[in-house]
Amino acid sequence: MLKGFLYLGVLVVLFFLIRKSFTEQERLEWFGTIYNNPLLVMSIFVGSEVLFGIIPPEIFMLWSLETGWMGPYFLSIGLFSFISYAAGYFNFNLGLLINHKSKILKSSNKYIQKYLDLFKRYGAFMVIVASISPLPFSLISLLGGAAGLDKRKYILNSLFRILRYFVYAYVLWLIQT
């Protein structure tokens, strides 16, 4: 988890270094086709969130703060957080489907059963940790569904994802102003 925070920190520092070191014109020459296309940025965000959070959401928060394409900053953060929550829920349900259809998960393989039992025991805690940290939330959601985590527990514990977005966005907003 420490690696995740370090990775996130490096990306945020890199963003601010690029912003301070290059003019807006130079930045637009490099990133303009993506930067000025909200539909493309949102498509990349949705794809990233569904595909296990490949790109840290803070990059998109900074984009929203910088461009204002999505309207008021905290309204766009609400949209981002809802999309992330929905992507996690989608992956949780995909995990449930895998759980019901997979012969591997139902096998008597002691290694698989050991980890499934651990996830059943600590899965709700893992969902909370993934919701508020750089751990891949969608992947943990998928594993939660595959391990048979209670849907109600998942839904309630994953609400921390929305809180995380607003806390991180607020910190980025404070740094920016």
# chains A, B, ... in the order shown; residues from 1 in each chain; ligands from 1

call {"tool": "residues_around", "arguments": {"residues": "A:Val50", "least_positions_apart": "4", "cutoff": "9 Å", "atoms": "only C-alpha atoms", "output": "list in words"}}
result
Phe45, Val46, Ile54, Ser84, Ala86, Ala87, Gly88, Phe90, Asn91, Ser138 and Leu139 of chain A

call {"tool": "closest_atom_pairs", "arguments": {"of": "stretch 13-83 of chain A", "to": "stretch 117-132 of chain A", "cutoff": "12 Å", "atoms": "only C-alpha atoms", "output": "Markdown table"}}
result
| residue | atom | partner | partner_atom | distance |
| --- | --- | --- | --- | --- |
| A:Phe52 | CA | A:Ala130 | CA | 11.1 |
| A:Gly53 | CA | A:Ala130 | CA | 10.7 |
| A:Pro57 | CA | A:Ile132 | CA | 11.8 |
| A:Ser81 | CA | A:Ser131 | CA | 10.5 |

call {"tool": "closest_atom_pairs", "arguments": {"of": "stretch 60-106 of chain A", "to": "stretch 142-147 of chain A", "cutoff": "7 Å", "atoms": "only C-alpha atoms", "output": "tab-separated table"}}
result
residue	atom	partner	partner_atom	distance
A:Asn91	CA	A:Leu142	CA	4.7
A:Phe92	CA	A:Leu142	CA	4.5
A:Asn93	CA	A:Gly145	CA	6.0
A:Leu94	CA	A:Leu142	CA	6.4
A:Gly95	CA	A:Gly145	CA	4.0
A:Leu96	CA	A:Gly145	CA	4.3
A:Ile98	CA	A:Ala146	CA	5.8
A:Asn99	CA	A:Ala146	CA	4.5

call {"tool": "residues_around", "arguments": {"residues": "stretch 63-77 of chain A", "least_positions_apart": "3", "cutoff": "12 Å", "atoms": "only C-alpha atoms", "output": "VMD selection string"}}
result
chain A and resid 12 15 to 16 19 24 28 31 to 32 34 to 42 45 56 to 60 80 to 84 161 to 177

call {"tool": "write_last_selection", "arguments": {"atoms": "C-alpha atoms", "output": "PDB file, in the first residue's frame"}}
result
ATOM      1  CA  VAL A  12       0.861  14.570  -8.480  1.00  0.00           C
ATOM      2  CA  PHE A  15       1.765  17.097 -12.745  1.00  0.00           C
ATOM      3  CA  PHE A  16       2.705  20.242 -10.830  1.00  0.00           C
ATOM      4  CA  ARG A  19       2.574  22.786 -15.001  1.00  0.00           C
ATOM      5  CA  GLU A  24       0.356  26.563 -21.283  1.00  0.00           C
ATOM      6  CA  LEU A  28      -1.341  22.119 -25.042  1.00  0.00           C
ATOM      7  CA  PHE A  31      -1.549  16.970 -24.380  1.00  0.00           C
ATOM      8  CA  GLY A  32      -3.998  19.197 -26.262  1.00  0.00           C
ATOM      9  CA  ILE A  34      -6.665  14.714 -24.948  1.00  0.00           C
ATOM     10  CA  TYR A  35      -6.736  17.689 -22.601  1.00  0.00           C
ATOM     11  CA  ASN A  36      -9.397  19.590 -24.565  1.00  0.00           C
ATOM     12  CA  ASN A  37     -11.658  16.638 -25.278  1.00  0.00           C
ATOM     13  CA  PRO A  38     -13.920  15.968 -22.264  1.00  0.00           C
ATOM     14  CA  LEU A  39     -15.605  12.986 -23.928  1.00  0.00           C
ATOM     15  CA  LEU A  40     -12.242  11.314 -24.510  1.00  0.00           C
ATOM     16  CA  VAL A  41     -11.077  12.068 -20.961  1.00  0.00           C
ATOM     17  CA  MET A  42     -14.296  10.672 -19.485  1.00  0.00           C
ATOM     18  CA  PHE A  45     -11.645   7.505 -16.880  1.00  0.00           C
ATOM     19  CA  PRO A  56      -5.051   7.117 -10.623  1.00  0.00           C
ATOM     20  CA  PRO A  57      -8.260   9.173 -10.344  1.00  0.00           C
ATOM     21  CA  GLU A  58      -6.292  12.127  -9.005  1.00  0.00           C
ATOM     22  CA  ILE A  59      -5.054  12.750 -12.552  1.00  0.00           C
ATOM     23  CA  PHE A  60      -8.669  13.264 -13.625  1.00  0.00           C
ATOM     24  CA  PHE A  80     -16.211  10.949 -10.878  1.00  0.00           C
ATOM     25  CA  SER A  81     -16.963   9.370  -7.506  1.00  0.00           C
ATOM     26  CA  PHE A  82     -20.303   8.012  -8.707  1.00  0.00           C
ATOM     27  CA  ILE A  83     -18.679   6.514 -11.820  1.00  0.00           C
ATOM     28  CA  SER A  84     -15.963   4.906  -9.684  1.00  0.00           C
ATOM     29  CA  ARG A 161     -15.049   5.495  -2.129  1.00  0.00           C
ATOM     30  CA  ILE A 162     -17.206   8.599  -2.498  1.00  0.00           C
ATOM     31  CA  LEU A 163     -15.760  10.091   0.699  1.00  0.00           C
ATOM     32  CA  ARG A 164     -12.233   9.419  -0.597  1.00  0.00           C
ATOM     33  CA  TYR A 165     -12.892  11.311  -3.815  1.00  0.00           C
ATOM     34  CA  PHE A 166     -14.093  14.402  -1.992  1.00  0.00           C
ATOM     35  CA  VAL A 167     -11.275  14.346   0.564  1.00  0.00           C
ATOM     36  CA  TYR A 168      -8.582  13.916  -2.101  1.00  0.00           C
ATOM     37  CA  ALA A 169     -10.263  16.549  -4.301  1.00  0.00           C
ATOM     38  CA  TYR A 170     -10.363  18.990  -1.404  1.00  0.00           C
ATOM     39  CA  VAL A 171      -6.652  18.457  -0.700  1.00  0.00           C
ATOM     40  CA  LEU A 172      -5.821  18.983  -4.389  1.00  0.00           C
ATOM     41  CA  TRP A 173      -7.997  22.103  -4.419  1.00  0.00           C
ATOM     42  CA  LEU A 174      -6.141  23.460  -1.359  1.00  0.00           C
ATOM     43  CA  ILE A 175      -2.789  22.803  -3.009  1.00  0.00           C
ATOM     44  CA  GLN A 176      -3.951  24.483  -6.205  1.00  0.00           C
ATOM     45  CA  THR A 177      -5.228  27.673  -4.561  1.00  0.00           C
TER      46      THR A 177
END

call {"tool": "atom_distance", "arguments": {"atom1": "atom CA of A:Leu156", "atom2": "atom CA of A:Ser133"}}
result
16.6 Å

call {"tool": "closest_residue", "arguments": {"among": "A:Leu97, A:Phe160, A:Leu135, A:Met61", "to": "A:Gly148", "atoms": "only C-alpha atoms"}}
result
A:Leu97

call {"tool": "atom_distance", "arguments": {"atom1": "atom CA of A:Phe137", "atom2": "atom CA of A:Leu17"}}
result
27.6 Å

call {"tool": "atom_distance", "arguments": {"atom1": "atom CA of A:Pro136", "atom2": "atom CA of A:Lys101"}}
result
23.8 Å
